[in-house]
Amino acid sequence: MRFLGNFEAKTDTKGRAFLPASFRKVLQTCGEERLVLRKDVFQSCLVLYPESVWNKQMDFMRQRLNRWNKQHQQVFRQFVSKVEIISLDGNGRFLIPKRYQRLASIEQEIQFIGMGDTIEIWSSKQAEEQQMAPEDFSNALEELMGENNTEV
């Protein structure tokens with residue numbers, strides 16, 4: 001499952017948005033019907049997980065965290081309790097609940113960004129602010145993927 005690209009969209013007055021057609025096609029092809037929405041842990045955006053990807057993430061977290069460790073339980077609880085199950089309507093729309101709109105500073109203009117197995121939803125203004133300058137981006141890529149990395 002690969003979501004790729006950056007798509008501009010708008011929410012209506014109720015907070016509904018159309019999931020981009022290319023993303024809907026990926027979900028259909030993979031037989032995914034439900035999505036899980038949560039605020040990103042690190043940035044001011046929302047993340048849509050296909051249900052199967054979310055379940056794998058939950059299994060991975062559960063394996064790494066000890067149920068008998070208080071801090072581990074708190075981390076797990078906070079990660080899994082602040083989610084919303086999302087279903088698309090017949091037109092490919094879904095509702096972004098008001099509390100999530102506030103958490104991500106979403107007004108009307110939004111961007112969907114494909115991140116491989118997840119989809120980020122940004123306020124358009126904040127999405128632009130998060131972009132690296134072209135030179136910084138190329139320098140970071142060179143540092144991360146540079147000379148010592150021989151894989152394609």
# chains A, B, ... in the order shown; residues from 1 in each chain; ligands from 1
>>> select_by_dssp(residues="region 4-145 of chain A", states="strand (DSSP E)", output="ChimeraX atom specification")
/A:6-10,16-18,34-39,46-50,83-87,93-95,109-114,119-123
>>> residues_around(residues="Glu33 (chain A)", least_positions_apart="5", cutoff="12 Å", atoms="only C-alpha atoms", output="list of chain:residue names")
A:Arg24, A:Lys25, A:Val26, A:Leu27, A:Gln28, A:Tyr49, A:Pro50, A:Glu51, A:Ser52, A:Ile85, A:Ile86, A:Ser87, A:Leu88, A:Asp89, A:Gly90, A:Gly92
>>> residues_around(residues="region 12-16 of chain A", least_positions_apart="5", cutoff="6 Å", atoms="only C-alpha atoms", output="list of chain:residue names")
A:Phe94, A:Leu95, A:Ile96
>>> closest_residue(among="A:Asn6, A:Gln74, A:Asp59, A:Arg34", to="Glu128 (chain A)", atoms="only C-alpha atoms")
A:Asn6
>>> closest_residue(among="A:Thr29, A:Gln130, A:Thr118, A:Gln108", to="Gln57 (chain A)", atoms="only C-alpha atoms")
A:Thr118
>>> select_by_dssp(residues="region 99-130 of chain A", states="helix (DSSP H, G or I)", output="ChimeraX atom specification")
/A:99-103,124-130
>>> closest_atom_pairs(of="region 59-140 of chain A", to="region 35-43 of chain A", cutoff="12 Å", atoms="only C-alpha atoms", output="Markdown table")
| residue | atom | partner | partner_atom | distance |
| --- | --- | --- | --- | --- |
| A:Val75 | CA | A:Val41 | CA | 11.3 |
| A:Gln78 | CA | A:Val41 | CA | 10.4 |
| A:Phe79 | CA | A:Val41 | CA | 8.4 |
| A:Val80 | CA | A:Arg38 | CA | 8.7 |
| A:Ser81 | CA | A:Arg38 | CA | 9.3 |
| A:Lys82 | CA | A:Arg38 | CA | 6.3 |
| A:Val83 | CA | A:Arg38 | CA | 4.7 |
| A:Glu84 | CA | A:Leu37 | CA | 5.1 |
| A:Ile85 | CA | A:Val36 | CA | 4.7 |
| A:Ile86 | CA | A:Leu35 | CA | 4.9 |
| A:Ser87 | CA | A:Leu35 | CA | 6.3 |
| A:Leu88 | CA | A:Leu35 | CA | 8.5 |
| A:Phe94 | CA | A:Leu35 | CA | 9.9 |
| A:Leu95 | CA | A:Leu37 | CA | 10.4 |
| A:Ile96 | CA | A:Leu37 | CA | 8.6 |
| A:Pro97 | CA | A:Leu37 | CA | 9.7 |
| A:Arg99 | CA | A:Lys39 | CA | 10.0 |
| A:Tyr100 | CA | A:Lys39 | CA | 7.0 |
| A:Gln101 | CA | A:Lys39 | CA | 9.6 |
| A:Arg102 | CA | A:Lys39 | CA | 10.3 |
| A:Leu103 | CA | A:Lys39 | CA | 7.1 |
| A:Ala104 | CA | A:Lys39 | CA | 7.3 |
| A:Ser105 | CA | A:Lys39 | CA | 11.1 |
| A:Ile106 | CA | A:Lys39 | CA | 11.8 |
| A:Asp117 | CA | A:Leu35 | CA | 11.6 |
| A:Thr118 | CA | A:Leu35 | CA | 9.7 |
| A:Ile119 | CA | A:Leu37 | CA | 9.5 |
| A:Glu120 | CA | A:Asp40 | CA | 8.4 |
| A:Ile121 | CA | A:Lys39 | CA | 9.4 |
| A:Trp122 | CA | A:Gln43 | CA | 9.6 |
| A:Ser123 | CA | A:Gln43 | CA | 11.6 |
| A:Gln126 | CA | A:Gln43 | CA | 9.8 |
| A:Ala127 | CA | A:Gln43 | CA | 10.2 |
| A:Glu129 | CA | A:Gln43 | CA | 11.5 |
| A:Gln130 | CA | A:Gln43 | CA | 9.1 |
